[in-house]
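Visitor: File follows, coords32.cif with mmCIF, C-alpha atoms:
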```cif
data_start
#
loop_
_atom_site.group_PDB
_atom_site.id
_atom_site.type_symbol
_atom_site.label_atom_id
_atom_site.label_comp_id
_atom_site.auth_asym_id
_atom_site.auth_seq_id
_atom_site.Cartn_x
_atom_site.Cartn_y
_atom_site.Cartn_z
ATOM 1 C CA MET A 1 -43.844 -4.120 8.110
ATOM 2 C CA GLU A 2 -46.088 -6.639 6.417
ATOM 3 C CA SER A 3 -44.736 -10.177 6.447
ATOM 4 C CA VAL A 4 -43.920 -10.030 2.720
ATOM 5 C CA GLU A 5 -41.896 -6.863 3.306
ATOM 6 C CA VAL A 6 -39.940 -8.500 6.137
ATOM 7 C CA VAL A 7 -38.852 -11.292 3.792
ATOM 8 C CA ARG A 8 -37.992 -8.832 0.992
ATOM 9 C CA ALA A 9 -35.954 -6.775 3.490
ATOM 10 C CA PHE A 10 -34.186 -9.957 4.664
ATOM 11 C CA TRP A 11 -33.006 -10.840 1.137
ATOM 12 C CA ALA A 12 -32.017 -7.215 0.480
ATOM 13 C CA ALA A 13 -29.979 -7.086 3.701
ATOM 14 C CA ILE A 14 -28.209 -10.349 2.797
ATOM 15 C CA GLU A 15 -27.439 -9.023 -0.694
ATOM 16 C CA ALA A 16 -26.036 -5.844 0.972
ATOM 17 C CA ARG A 17 -23.907 -7.954 3.382
ATOM 18 C CA ASP A 18 -25.508 -5.807 6.126
ATOM 19 C CA TRP A 19 -25.266 -8.393 8.909
ATOM 20 C CA THR A 20 -26.686 -6.046 11.547
ATOM 21 C CA ALA A 21 -29.802 -5.553 9.433
ATOM 22 C CA VAL A 22 -30.048 -9.294 8.754
ATOM 23 C CA GLY A 23 -29.906 -9.993 12.494
ATOM 24 C CA GLY A 24 -32.568 -7.364 13.189
ATOM 25 C CA LEU A 25 -34.997 -9.194 10.903
ATOM 26 C CA LEU A 26 -34.556 -12.513 12.749
ATOM 27 C CA ALA A 27 -36.165 -13.647 16.005
ATOM 28 C CA ASP A 28 -33.629 -14.497 18.751
ATOM 29 C CA ASP A 29 -34.662 -18.144 18.588
ATOM 30 C CA VAL A 30 -35.146 -18.413 14.824
ATOM 31 C CA VAL A 31 -34.829 -21.942 13.420
ATOM 32 C CA VAL A 32 -33.980 -22.498 9.735
ATOM 33 C CA ASP A 33 -34.069 -26.005 8.250
ATOM 34 C CA TRP A 34 -32.302 -27.124 5.057
ATOM 35 C CA PRO A 35 -33.791 -30.572 4.370
ATOM 36 C CA ALA A 36 -31.471 -31.409 1.442
ATOM 37 C CA THR A 37 -28.453 -31.506 3.752
ATOM 38 C CA GLY A 38 -30.394 -32.317 6.934
ATOM 39 C CA GLU A 39 -29.158 -29.094 8.547
ATOM 40 C CA ARG A 40 -30.927 -27.088 11.246
ATOM 41 C CA ILE A 41 -29.561 -23.594 11.942
ATOM 42 C CA ARG A 42 -30.741 -22.493 15.357
ATOM 43 C CA GLY A 43 -30.604 -18.938 16.711
ATOM 44 C CA ARG A 44 -29.945 -15.517 15.220
ATOM 45 C CA ALA A 45 -26.149 -15.650 15.549
ATOM 46 C CA ASN A 46 -25.880 -18.921 13.647
ATOM 47 C CA VAL A 47 -28.223 -17.860 10.843
ATOM 48 C CA VAL A 48 -26.233 -14.651 10.412
ATOM 49 C CA ALA A 49 -22.945 -16.595 10.524
ATOM 50 C CA VAL A 50 -23.954 -19.073 7.825
ATOM 51 C CA ASN A 51 -24.918 -16.234 5.486
ATOM 52 C CA ARG A 52 -21.858 -14.113 6.382
ATOM 53 C CA GLU A 53 -19.382 -16.990 5.990
ATOM 54 C CA TYR A 54 -20.889 -18.396 2.809
ATOM 55 C CA PRO A 55 -18.037 -18.439 0.247
ATOM 56 C CA GLU A 56 -18.219 -15.228 -1.794
ATOM 57 C CA GLY A 57 -19.108 -14.580 -5.387
ATOM 58 C CA TRP A 58 -22.873 -14.742 -4.911
ATOM 59 C CA SER A 59 -25.653 -12.282 -5.549
ATOM 60 C CA ILE A 60 -29.369 -12.600 -4.933
ATOM 61 C CA ARG A 61 -32.255 -12.031 -7.301
ATOM 62 C CA VAL A 62 -35.711 -12.330 -5.763
ATOM 63 C CA LEU A 63 -38.015 -14.041 -8.277
ATOM 64 C CA ARG A 64 -41.246 -13.897 -6.228
ATOM 65 C CA VAL A 65 -42.642 -13.583 -2.739
ATOM 66 C CA LEU A 66 -46.143 -14.455 -1.650
ATOM 67 C CA ALA A 67 -47.837 -14.714 1.715
ATOM 68 C CA ARG A 68 -50.825 -15.933 3.627
ATOM 69 C CA ASP A 69 -50.898 -14.115 6.971
ATOM 70 C CA GLU A 70 -47.686 -15.049 8.810
ATOM 71 C CA GLU A 71 -46.611 -17.666 6.235
ATOM 72 C CA VAL A 72 -44.421 -16.307 3.449
ATOM 73 C CA VAL A 73 -42.825 -18.124 0.532
ATOM 74 C CA SER A 74 -39.949 -16.714 -1.482
ATOM 75 C CA GLU A 75 -38.190 -17.939 -4.616
ATOM 76 C CA VAL A 76 -34.694 -16.615 -5.225
ATOM 77 C CA GLU A 77 -31.961 -17.163 -7.795
ATOM 78 C CA VAL A 78 -28.348 -16.949 -6.617
ATOM 79 C CA PRO A 79 -25.614 -16.906 -9.249
ATOM 80 C CA GLN A 80 -22.153 -17.538 -7.797
ATOM 81 C CA VAL A 81 -19.192 -16.432 -9.896
ATOM 82 C CA GLY A 82 -17.168 -19.373 -11.187
ATOM 83 C CA VAL A 83 -19.467 -21.931 -9.560
ATOM 84 C CA GLY A 84 -22.917 -21.810 -11.133
ATOM 85 C CA THR A 85 -26.426 -20.763 -10.279
ATOM 86 C CA PHE A 86 -28.492 -21.810 -7.292
ATOM 87 C CA ARG A 87 -32.186 -21.415 -6.541
ATOM 88 C CA ALA A 88 -34.110 -21.593 -3.291
ATOM 89 C CA ALA A 89 -37.764 -21.980 -2.440
ATOM 90 C CA SER A 90 -38.113 -20.844 1.181
ATOM 91 C CA PHE A 91 -41.106 -21.155 3.489
ATOM 92 C CA TRP A 92 -40.907 -18.521 6.228
ATOM 93 C CA THR A 93 -42.934 -17.846 9.354
ATOM 94 C CA VAL A 94 -42.933 -14.148 10.272
ATOM 95 C CA ARG A 95 -44.066 -12.976 13.718
ATOM 96 C CA GLY A 96 -43.839 -9.470 15.149
ATOM 97 C CA GLY A 97 -41.896 -8.213 12.136
ATOM 98 C CA ARG A 98 -39.205 -10.872 12.449
ATOM 99 C CA ILE A 99 -38.524 -14.221 10.815
ATOM 100 C CA ALA A 100 -39.228 -16.910 13.408
ATOM 101 C CA ALA A 101 -38.747 -20.020 11.266
ATOM 102 C CA GLY A 102 -37.801 -21.123 7.783
ATOM 103 C CA THR A 103 -37.585 -24.263 5.663
ATOM 104 C CA GLU A 104 -35.484 -23.812 2.561
ATOM 105 C CA TYR A 105 -35.165 -25.995 -0.532
ATOM 106 C CA TRP A 106 -31.867 -25.117 -2.186
ATOM 107 C CA ILE A 107 -30.909 -26.652 -5.531
ATOM 108 C CA GLY A 108 -28.081 -26.179 -8.023
ATOM 109 C CA VAL A 109 -29.557 -25.250 -11.405
ATOM 110 C CA GLY A 110 -28.818 -28.111 -13.786
ATOM 111 C CA ALA A 111 -26.701 -29.866 -11.148
ATOM 112 C CA ASP A 112 -28.568 -33.193 -11.263
ATOM 113 C CA GLU A 113 -28.971 -35.708 -14.110
ATOM 114 C CA THR A 114 -32.211 -36.618 -15.844
ATOM 115 C CA PRO A 115 -32.811 -40.349 -15.355
ATOM 116 C CA ALA A 116 -33.058 -42.370 -18.571
ATOM 117 C CA TRP A 117 -36.655 -43.540 -17.978
ATOM 118 C CA ARG A 118 -38.106 -40.056 -18.502
ATOM 119 C CA ARG A 119 -35.910 -38.640 -21.228
ATOM 120 C CA ASP A 120 -38.654 -39.124 -23.852
ATOM 121 C CA TYR A 121 -41.047 -36.885 -21.931
ATOM 122 C CA VAL A 122 -38.859 -33.855 -21.183
ATOM 123 C CA GLU A 123 -36.949 -31.034 -22.856
ATOM 124 C CA ARG A 124 -33.975 -29.064 -21.571
ATOM 125 C CA ILE A 125 -34.519 -25.674 -19.965
ATOM 126 C CA ALA A 126 -32.108 -23.136 -21.428
ATOM 127 C CA SER A 127 -29.511 -22.889 -18.641
ATOM 128 C CA PRO A 128 -28.746 -19.541 -17.077
ATOM 129 C CA PRO A 129 -25.218 -18.488 -18.046
ATOM 130 C CA VAL A 130 -22.537 -19.348 -15.501
ATOM 131 C CA PRO A 131 -21.456 -15.957 -14.152
ATOM 132 C CA MET L 1 -62.622 -24.897 -7.458
ATOM 133 C CA GLU L 2 -60.397 -22.354 -5.777
ATOM 134 C CA SER L 3 -56.784 -22.450 -6.918
ATOM 135 C CA VAL L 4 -55.652 -24.049 -3.627
ATOM 136 C CA GLU L 5 -58.224 -26.796 -4.094
ATOM 137 C CA VAL L 6 -57.019 -27.490 -7.646
ATOM 138 C CA VAL L 7 -53.497 -28.101 -6.332
ATOM 139 C CA ARG L 8 -54.738 -30.263 -3.450
ATOM 140 C CA ALA L 9 -56.838 -32.289 -5.929
ATOM 141 C CA PHE L 10 -53.771 -32.650 -8.194
ATOM 142 C CA TRP L 11 -51.655 -34.194 -5.439
ATOM 143 C CA ALA L 12 -54.572 -36.401 -4.322
ATOM 144 C CA ALA L 13 -55.073 -37.656 -7.891
ATOM 145 C CA ILE L 14 -51.363 -38.445 -8.230
ATOM 146 C CA GLU L 15 -51.392 -40.303 -4.910
ATOM 147 C CA ALA L 16 -54.441 -42.272 -6.186
ATOM 148 C CA ARG L 17 -52.635 -43.055 -9.503
ATOM 149 C CA ASP L 18 -55.797 -41.696 -11.154
ATOM 150 C CA TRP L 19 -54.147 -40.496 -14.366
ATOM 151 C CA THR L 20 -57.419 -39.399 -15.947
ATOM 152 C CA ALA L 21 -58.071 -37.129 -12.987
ATOM 153 C CA VAL L 22 -54.484 -35.834 -13.053
ATOM 154 C CA GLY L 23 -54.873 -34.960 -16.752
ATOM 155 C CA GLY L 24 -58.174 -33.200 -16.094
ATOM 156 C CA LEU L 25 -56.443 -30.840 -13.645
ATOM 157 C CA LEU L 26 -53.809 -29.795 -16.203
ATOM 158 C CA ALA L 27 -54.086 -27.271 -19.023
ATOM 159 C CA ASP L 28 -53.441 -28.772 -22.487
ATOM 160 C CA ASP L 29 -50.299 -26.684 -22.812
ATOM 161 C CA VAL L 30 -49.091 -26.930 -19.191
ATOM 162 C CA VAL L 31 -45.351 -26.388 -18.706
ATOM 163 C CA VAL L 32 -43.578 -27.760 -15.626
ATOM 164 C CA ASP L 33 -39.937 -26.854 -14.927
ATOM 165 C CA TRP L 34 -37.547 -28.796 -12.693
ATOM 166 C CA PRO L 35 -34.543 -26.466 -12.338
ATOM 167 C CA ALA L 36 -32.345 -28.968 -10.439
ATOM 168 C CA THR L 37 -32.146 -31.243 -13.474
ATOM 169 C CA GLY L 38 -32.789 -28.524 -16.050
ATOM 170 C CA GLU L 39 -35.910 -30.345 -17.253
ATOM 171 C CA ARG L 40 -38.975 -28.790 -18.861
ATOM 172 C CA ILE L 41 -42.051 -31.018 -19.165
ATOM 173 C CA ARG L 42 -44.350 -29.587 -21.805
ATOM 174 C CA GLY L 43 -47.979 -30.558 -22.364
ATOM 175 C CA ARG L 44 -50.554 -32.577 -20.441
ATOM 176 C CA ALA L 45 -49.551 -35.973 -21.848
ATOM 177 C CA ASN L 46 -45.911 -35.564 -20.823
ATOM 178 C CA VAL L 47 -46.699 -34.326 -17.309
ATOM 179 C CA VAL L 48 -49.038 -37.288 -16.807
ATOM 180 C CA ALA L 49 -46.424 -39.681 -18.251
ATOM 181 C CA VAL L 50 -43.626 -38.510 -15.959
ATOM 182 C CA ASN L 51 -45.836 -39.037 -12.920
ATOM 183 C CA ARG L 52 -47.256 -42.348 -14.167
ATOM 184 C CA GLU L 53 -43.865 -43.794 -15.114
ATOM 185 C CA TYR L 54 -42.034 -42.609 -11.999
ATOM 186 C CA PRO L 55 -40.564 -45.776 -10.422
ATOM 187 C CA GLU L 56 -42.993 -47.060 -7.800
ATOM 188 C CA GLY L 57 -42.780 -47.202 -4.023
ATOM 189 C CA TRP L 58 -43.739 -43.571 -3.443
ATOM 190 C CA SER L 59 -46.547 -41.920 -1.534
ATOM 191 C CA ILE L 60 -47.382 -38.266 -1.130
ATOM 192 C CA ARG L 61 -47.966 -36.268 2.022
ATOM 193 C CA VAL L 62 -49.017 -32.660 1.497
ATOM 194 C CA LEU L 63 -47.310 -30.504 4.141
ATOM 195 C CA ARG L 64 -48.832 -27.140 3.169
ATOM 196 C CA VAL L 65 -50.491 -25.229 0.378
ATOM 197 C CA LEU L 66 -50.881 -21.466 0.162
ATOM 198 C CA ALA L 67 -52.053 -19.129 -2.555
ATOM 199 C CA ARG L 68 -52.229 -15.577 -3.768
ATOM 200 C CA ASP L 69 -54.879 -15.404 -6.473
ATOM 201 C CA GLU L 70 -53.717 -17.681 -9.300
ATOM 202 C CA GLU L 71 -50.297 -18.359 -7.751
ATOM 203 C CA VAL L 72 -50.189 -21.406 -5.487
ATOM 204 C CA VAL L 73 -47.275 -22.907 -3.582
ATOM 205 C CA SER L 74 -47.265 -26.446 -2.225
ATOM 206 C CA GLU L 75 -44.796 -28.321 -0.037
ATOM 207 C CA VAL L 76 -44.943 -32.112 -0.184
ATOM 208 C CA GLU L 77 -43.018 -34.989 1.332
ATOM 209 C CA VAL L 78 -42.616 -38.160 -0.742
ATOM 210 C CA PRO L 79 -41.213 -41.246 0.949
ATOM 211 C CA GLN L 80 -40.161 -43.949 -1.525
ATOM 212 C CA VAL L 81 -39.822 -47.480 -0.181
ATOM 213 C CA GLY L 82 -36.228 -48.673 -0.164
ATOM 214 C CA VAL L 83 -34.902 -45.400 -1.539
ATOM 215 C CA GLY L 84 -35.438 -42.576 0.928
ATOM 216 C CA THR L 85 -37.568 -39.481 1.340
ATOM 217 C CA PHE L 86 -37.974 -36.604 -1.084
ATOM 218 C CA ARG L 87 -39.506 -33.164 -0.669
ATOM 219 C CA ALA L 88 -40.748 -30.645 -3.197
ATOM 220 C CA ALA L 89 -41.574 -26.970 -3.028
ATOM 221 C CA SER L 90 -43.734 -26.256 -6.080
ATOM 222 C CA PHE L 91 -44.870 -22.908 -7.468
ATOM 223 C CA TRP L 92 -48.036 -23.357 -9.548
ATOM 224 C CA THR L 93 -50.063 -21.050 -11.760
ATOM 225 C CA VAL L 94 -53.741 -22.048 -11.836
ATOM 226 C CA ARG L 95 -56.099 -20.663 -14.507
ATOM 227 C CA GLY L 96 -59.682 -21.702 -15.168
ATOM 228 C CA GLY L 97 -59.486 -24.522 -12.639
ATOM 229 C CA ARG L 98 -56.429 -26.098 -14.253
ATOM 230 C CA ILE L 99 -52.692 -25.984 -13.625
ATOM 231 C CA ALA L 100 -51.126 -23.928 -16.412
ATOM 232 C CA ALA L 101 -47.524 -23.824 -15.184
ATOM 233 C CA GLY L 102 -45.264 -25.080 -12.421
ATOM 234 C CA THR L 103 -41.711 -24.705 -11.154
ATOM 235 C CA GLU L 104 -40.717 -27.447 -8.749
ATOM 236 C CA TYR L 105 -37.741 -27.683 -6.394
ATOM 237 C CA TRP L 106 -37.236 -31.367 -5.610
ATOM 238 C CA ILE L 107 -34.613 -32.459 -3.077
ATOM 239 C CA GLY L 108 -33.625 -35.737 -1.425
ATOM 240 C CA VAL L 109 -33.915 -35.364 2.348
ATOM 241 C CA GLY L 110 -30.403 -35.638 3.770
ATOM 242 C CA ALA L 111 -28.988 -36.488 0.333
ATOM 243 C CA ASP L 112 -26.354 -33.737 0.274
ATOM 244 C CA GLU L 113 -23.313 -33.133 2.513
ATOM 245 C CA THR L 114 -22.820 -30.212 4.874
ATOM 246 C CA PRO L 115 -19.664 -28.346 3.803
ATOM 247 C CA ALA L 116 -16.943 -28.155 6.442
ATOM 248 C CA TRP L 117 -16.969 -24.328 6.690
ATOM 249 C CA ARG L 118 -20.409 -24.204 8.291
ATOM 250 C CA ARG L 119 -20.390 -27.267 10.530
ATOM 251 C CA ASP L 120 -19.885 -25.134 13.651
ATOM 252 C CA TYR L 121 -23.111 -23.230 13.012
ATOM 253 C CA VAL L 122 -25.555 -26.062 12.335
ATOM 254 C CA GLU L 123 -27.206 -29.075 13.950
ATOM 255 C CA ARG L 124 -28.623 -32.192 12.319
ATOM 256 C CA ILE L 125 -32.350 -32.428 11.681
ATOM 257 C CA ALA L 126 -33.645 -35.778 12.886
ATOM 258 C CA SER L 127 -34.013 -37.680 9.600
ATOM 259 C CA PRO L 128 -37.348 -39.181 8.623
ATOM 260 C CA PRO L 129 -37.110 -42.972 8.724
ATOM 261 C CA VAL L 130 -36.368 -44.620 5.373
ATOM 262 C CA PRO L 131 -39.617 -46.427 4.514
#
```
Using structure tokens, write down the structure that the file contains.
Guide:
Amino acid sequence: MESVEVVRAFWAAIEARDWTAVGGLLADDVVVDWPATGERIRGRANVVAVNREYPEGWSIRVLRVLARDEEVVSEVEVPQVGVGTFRAASFWTVRGGRIAAGTEYWIGVGADETPAWRRDYVERIASPPVP
Amino acid sequence: MESVEVVRAFWAAIEARDWTAVGGLLADDVVVDWPATGERIRGRANVVAVNREYPEGWSIRVLRVLARDEEVVSEVEVPQVGVGTFRAASFWTVRGGRIAAGTEYWIGVGADETPAWRRDYVERIASPPVP
């Protein structure tokens, strides 16, 4: 599989809650960083566990995936019923058909406030409906 | 300029506070979205203004830039003196040597809490020092 296809298969396997398939797309010693919370998830079992145990109600929509050799970037939107909508920009390193590393920037859509100093320069994005 | 070089020049011009150069790298009708705050910044003058008026103390370190044709993704780290460190994953569309559109995922490094349900699966990333 091309590196882009590995990342597309990863998101599809998560969406399917197919934890065996998710694990098969991860290197044994995969390391995934979430800078916003300062979390590092180390090893296949932990990366699978975090996805498997994530409180339910979510679904995944892949917005785009692009790659340069082994570096892949994906953008996904994740509505969660009764909670809101999340987005992630994820930088992946794919080696030998498996994800070896990732750095993910997760945000809650519309979760943060616009500071007063820039209100004159911006508009509001139409919010995605809360599912 | 290749699309990657346009984005590198954009970040370099912001770091230099060279607002004329920043404006010259933007399409007249550029649109930049910040989903976390639900902000849309429309037009060259507003994109320049938001960068120019951003409270000082910041510097920009480009971590990586990759492209597929007109689509470019950058990852930057932005320490701000006395505040903390920010990161952004930014998806850009570059046309005719200028940035036509962007969607940026800005996060504060270590700003958010790790929920209790996943604490057994994660480690802490060593935080960057507060400048």
Visitor: Expanded to explicit residues, what is the PyMOL selection byres ((chain L and resi 98) around 7) for this file, as a count of residues only?
Guide: 10
Visitor: Residues of chain L no more than 9 Å from chain A, counting all atoms listed in the file: send them over as JSON, numbers by chain.
Guide: {"L": [33, 34, 35, 36, 37, 38, 39, 40, 41, 42, 45, 46, 47, 49, 50, 53, 54, 55, 66, 67, 68, 71, 72, 73, 75, 86, 87, 88, 89, 90, 91, 104, 105, 106, 107, 108, 109, 110, 111, 112, 113, 114, 117, 118, 120, 121, 122, 123, 124, 125, 126, 127]}
Visitor: Rank nothing, just name the residue among A:Val7, A:Arg17, A:Gly24, A:Asp29 nearest to Gly57 (chain A), using all atoms listed in the file.
Guide: A:Arg17
Visitor: With 8 Å on each side, where is the centre of the axis-aligned box around all listed atoms of region 19-34 of chain A, and how long are its edges in Å to one decimal, as JSON?
Guide:
```
{"center_x": -30.7, "center_y": -16.3, "center_z": 11.9, "size_x": 26.9, "size_y": 37.6, "size_z": 29.7}
```
Visitor: How would chain L read as a compact mmCIF listing (two decimals) with C-alpha atoms, in the frame of the given file once least-squares superposed on chain A using all paired C-alpha atoms?
Guide:
```txt
# COMPACT_ATOMS: atom_id res chain seq x y z
CA MET L 1 -43.83 -4.12 8.10
CA GLU L 2 -46.08 -6.64 6.43
CA SER L 3 -44.74 -10.18 6.45
CA VAL L 4 -43.91 -10.03 2.71
CA GLU L 5 -41.90 -6.87 3.31
CA VAL L 6 -39.94 -8.50 6.15
CA VAL L 7 -38.85 -11.29 3.79
CA ARG L 8 -37.99 -8.84 0.99
CA ALA L 9 -35.95 -6.77 3.49
CA PHE L 10 -34.19 -9.96 4.66
CA TRP L 11 -33.00 -10.85 1.16
CA ALA L 12 -32.02 -7.21 0.48
CA ALA L 13 -29.98 -7.09 3.70
CA ILE L 14 -28.20 -10.34 2.80
CA GLU L 15 -27.44 -9.02 -0.69
CA ALA L 16 -26.04 -5.84 0.96
CA ARG L 17 -23.91 -7.95 3.39
CA ASP L 18 -25.51 -5.81 6.12
CA TRP L 19 -25.28 -8.39 8.90
CA THR L 20 -26.68 -6.05 11.54
CA ALA L 21 -29.79 -5.55 9.43
CA VAL L 22 -30.05 -9.30 8.74
CA GLY L 23 -29.90 -9.99 12.50
CA GLY L 24 -32.56 -7.37 13.19
CA LEU L 25 -35.00 -9.21 10.90
CA LEU L 26 -34.56 -12.51 12.76
CA ALA L 27 -36.16 -13.66 16.01
CA ASP L 28 -33.63 -14.49 18.75
CA ASP L 29 -34.66 -18.13 18.60
CA VAL L 30 -35.15 -18.42 14.82
CA VAL L 31 -34.83 -21.94 13.41
CA VAL L 32 -33.98 -22.50 9.74
CA ASP L 33 -34.08 -26.01 8.24
CA TRP L 34 -32.31 -27.13 5.07
CA PRO L 35 -33.79 -30.58 4.37
CA ALA L 36 -31.46 -31.41 1.45
CA THR L 37 -28.44 -31.50 3.76
CA GLY L 38 -30.39 -32.31 6.92
CA GLU L 39 -29.16 -29.09 8.55
CA ARG L 40 -30.93 -27.10 11.25
CA ILE L 41 -29.57 -23.60 11.94
CA ARG L 42 -30.74 -22.49 15.36
CA GLY L 43 -30.61 -18.94 16.71
CA ARG L 44 -29.95 -15.51 15.22
CA ALA L 45 -26.16 -15.65 15.55
CA ASN L 46 -25.89 -18.93 13.64
CA VAL L 47 -28.24 -17.86 10.83
CA VAL L 48 -26.24 -14.65 10.41
CA ALA L 49 -22.95 -16.60 10.52
CA VAL L 50 -23.97 -19.08 7.82
CA ASN L 51 -24.91 -16.23 5.50
CA ARG L 52 -21.86 -14.12 6.38
CA GLU L 53 -19.38 -16.99 6.00
CA TYR L 54 -20.89 -18.41 2.81
CA PRO L 55 -18.04 -18.42 0.26
CA GLU L 56 -18.22 -15.22 -1.78
CA GLY L 57 -19.11 -14.58 -5.40
CA TRP L 58 -22.87 -14.74 -4.91
CA SER L 59 -25.66 -12.28 -5.56
CA ILE L 60 -29.36 -12.59 -4.94
CA ARG L 61 -32.25 -12.03 -7.30
CA VAL L 62 -35.71 -12.33 -5.76
CA LEU L 63 -38.01 -14.05 -8.27
CA ARG L 64 -41.24 -13.92 -6.23
CA VAL L 65 -42.63 -13.58 -2.74
CA LEU L 66 -46.15 -14.47 -1.65
CA ALA L 67 -47.84 -14.71 1.72
CA ARG L 68 -50.82 -15.94 3.64
CA ASP L 69 -50.89 -14.11 6.96
CA GLU L 70 -47.69 -15.04 8.80
CA GLU L 71 -46.62 -17.66 6.24
CA VAL L 72 -44.42 -16.31 3.46
CA VAL L 73 -42.83 -18.13 0.53
CA SER L 74 -39.94 -16.72 -1.48
CA GLU L 75 -38.20 -17.94 -4.62
CA VAL L 76 -34.69 -16.62 -5.23
CA GLU L 77 -31.97 -17.16 -7.80
CA VAL L 78 -28.35 -16.95 -6.63
CA PRO L 79 -25.62 -16.90 -9.26
CA GLN L 80 -22.15 -17.52 -7.80
CA VAL L 81 -19.18 -16.42 -9.89
CA GLY L 82 -17.16 -19.36 -11.18
CA VAL L 83 -19.46 -21.92 -9.59
CA GLY L 84 -22.90 -21.82 -11.15
CA THR L 85 -26.42 -20.75 -10.29
CA PHE L 86 -28.50 -21.81 -7.30
CA ARG L 87 -32.19 -21.41 -6.54
CA ALA L 88 -34.12 -21.59 -3.29
CA ALA L 89 -37.77 -21.97 -2.45
CA SER L 90 -38.12 -20.84 1.17
CA PHE L 91 -41.11 -21.16 3.49
CA TRP L 92 -40.92 -18.52 6.24
CA THR L 93 -42.94 -17.85 9.37
CA VAL L 94 -42.94 -14.15 10.27
CA ARG L 95 -44.07 -12.97 13.73
CA GLY L 96 -43.84 -9.47 15.15
CA GLY L 97 -41.90 -8.22 12.14
CA ARG L 98 -39.20 -10.87 12.45
CA ILE L 99 -38.53 -14.23 10.83
CA ALA L 100 -39.23 -16.92 13.42
CA ALA L 101 -38.75 -20.02 11.27
CA GLY L 102 -37.80 -21.13 7.78
CA THR L 103 -37.59 -24.27 5.67
CA GLU L 104 -35.49 -23.81 2.56
CA TYR L 105 -35.17 -25.99 -0.54
CA TRP L 106 -31.86 -25.11 -2.18
CA ILE L 107 -30.90 -26.66 -5.53
CA GLY L 108 -28.09 -26.17 -8.04
CA VAL L 109 -29.58 -25.24 -11.41
CA GLY L 110 -28.83 -28.10 -13.79
CA ALA L 111 -26.70 -29.85 -11.16
CA ASP L 112 -28.55 -33.18 -11.27
CA GLU L 113 -28.97 -35.71 -14.11
CA THR L 114 -32.21 -36.61 -15.85
CA PRO L 115 -32.82 -40.35 -15.35
CA ALA L 116 -33.05 -42.38 -18.55
CA TRP L 117 -36.66 -43.53 -17.98
CA ARG L 118 -38.11 -40.05 -18.47
CA ARG L 119 -35.91 -38.62 -21.21
CA ASP L 120 -38.64 -39.12 -23.83
CA TYR L 121 -41.05 -36.88 -21.92
CA VAL L 122 -38.86 -33.86 -21.19
CA GLU L 123 -36.96 -31.03 -22.86
CA ARG L 124 -33.98 -29.06 -21.58
CA ILE L 125 -34.54 -25.68 -19.97
CA ALA L 126 -32.12 -23.16 -21.43
CA SER L 127 -29.52 -22.89 -18.65
CA PRO L 128 -28.71 -19.53 -17.10
CA PRO L 129 -25.18 -18.52 -18.06
CA VAL L 130 -22.51 -19.37 -15.48
CA PRO L 131 -21.43 -15.97 -14.13
```
Visitor: In Å, how far is it from CA of Pro79 (chain L) to CA of Ala21 (chain L)?
Guide: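 It comes out at 22.3 Å.
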Visitor: Give me the residues within 7 Å of Val22 (chain A) as a ChimeraX atom specification, counting all atoms listed in the file and dropping any in the same chain fewer than 5 places off.
Guide: /A:10,13-14,48
Visitor: In Å to one decimal, how far is CA of Ala101 (chain A) from CA of Val4 (chain L)?
Guide: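 Distance reported for this atom pair: 22.9 Å.
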Visitor: Ranking A:Trp92, A:Trp11, A:Ser3, A:Arg61 by minimum distance to Val78 (chain A) and counting all atoms listed in the file, which one comes first?
Guide: A:Arg61
Visitor: Figure out the distance between CA of Val76 (chain A) and CA of Ser59 (chain A), please, to one decimal in Å.
Guide: 10.0 Å
Visitor: Identify which of the residues A:Glu70, A:Glu77, A:Asp18, A:Glu56 lies closest to Glu5 (chain A), counting only C-alpha atoms when measuring atom-to-atom distances.
Guide: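 Smallest distance to Glu5 (chain A) is found for A:Glu70.
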Visitor: Can I get region 66-71 of chain A with N, CA, C and O atoms filled in, as a PDB file, in the coordinates of the input?
Guide:
```
ATOM      1  N   LEU A  66     -44.710 -14.526  -1.911  1.00  0.00           N
ATOM      2  CA  LEU A  66     -46.143 -14.455  -1.650  1.00  0.00           C
ATOM      3  C   LEU A  66     -46.422 -14.919  -0.237  1.00  0.00           C
ATOM      4  O   LEU A  66     -45.591 -15.594   0.383  1.00  0.00           O
ATOM      5  N   ALA A  67     -47.575 -14.497   0.297  1.00  0.00           N
ATOM      6  CA  ALA A  67     -47.837 -14.714   1.715  1.00  0.00           C
ATOM      7  C   ALA A  67     -49.288 -15.050   1.979  1.00  0.00           C
ATOM      8  O   ALA A  67     -50.184 -14.673   1.209  1.00  0.00           O
ATOM      9  N   ARG A  68     -49.504 -15.789   3.039  1.00  0.00           N
ATOM     10  CA  ARG A  68     -50.825 -15.933   3.627  1.00  0.00           C
ATOM     11  C   ARG A  68     -50.630 -15.690   5.112  1.00  0.00           C
ATOM     12  O   ARG A  68     -50.063 -16.513   5.812  1.00  0.00           O
ATOM     13  N   ASP A  69     -51.077 -14.500   5.574  1.00  0.00           N
ATOM     14  CA  ASP A  69     -50.898 -14.115   6.971  1.00  0.00           C
ATOM     15  C   ASP A  69     -49.413 -14.205   7.343  1.00  0.00           C
ATOM     16  O   ASP A  69     -48.598 -13.564   6.713  1.00  0.00           O
ATOM     17  N   GLU A  70     -49.080 -15.022   8.349  1.00  0.00           N
ATOM     18  CA  GLU A  70     -47.686 -15.049   8.810  1.00  0.00           C
ATOM     19  C   GLU A  70     -46.797 -15.995   7.984  1.00  0.00           C
ATOM     20  O   GLU A  70     -45.596 -16.026   8.190  1.00  0.00           O
ATOM     21  N   GLU A  71     -47.395 -16.746   7.084  1.00  0.00           N
ATOM     22  CA  GLU A  71     -46.611 -17.666   6.235  1.00  0.00           C
ATOM     23  C   GLU A  71     -46.216 -16.962   4.946  1.00  0.00           C
ATOM     24  O   GLU A  71     -47.078 -16.440   4.233  1.00  0.00           O
TER      25      GLU A  71
END
```
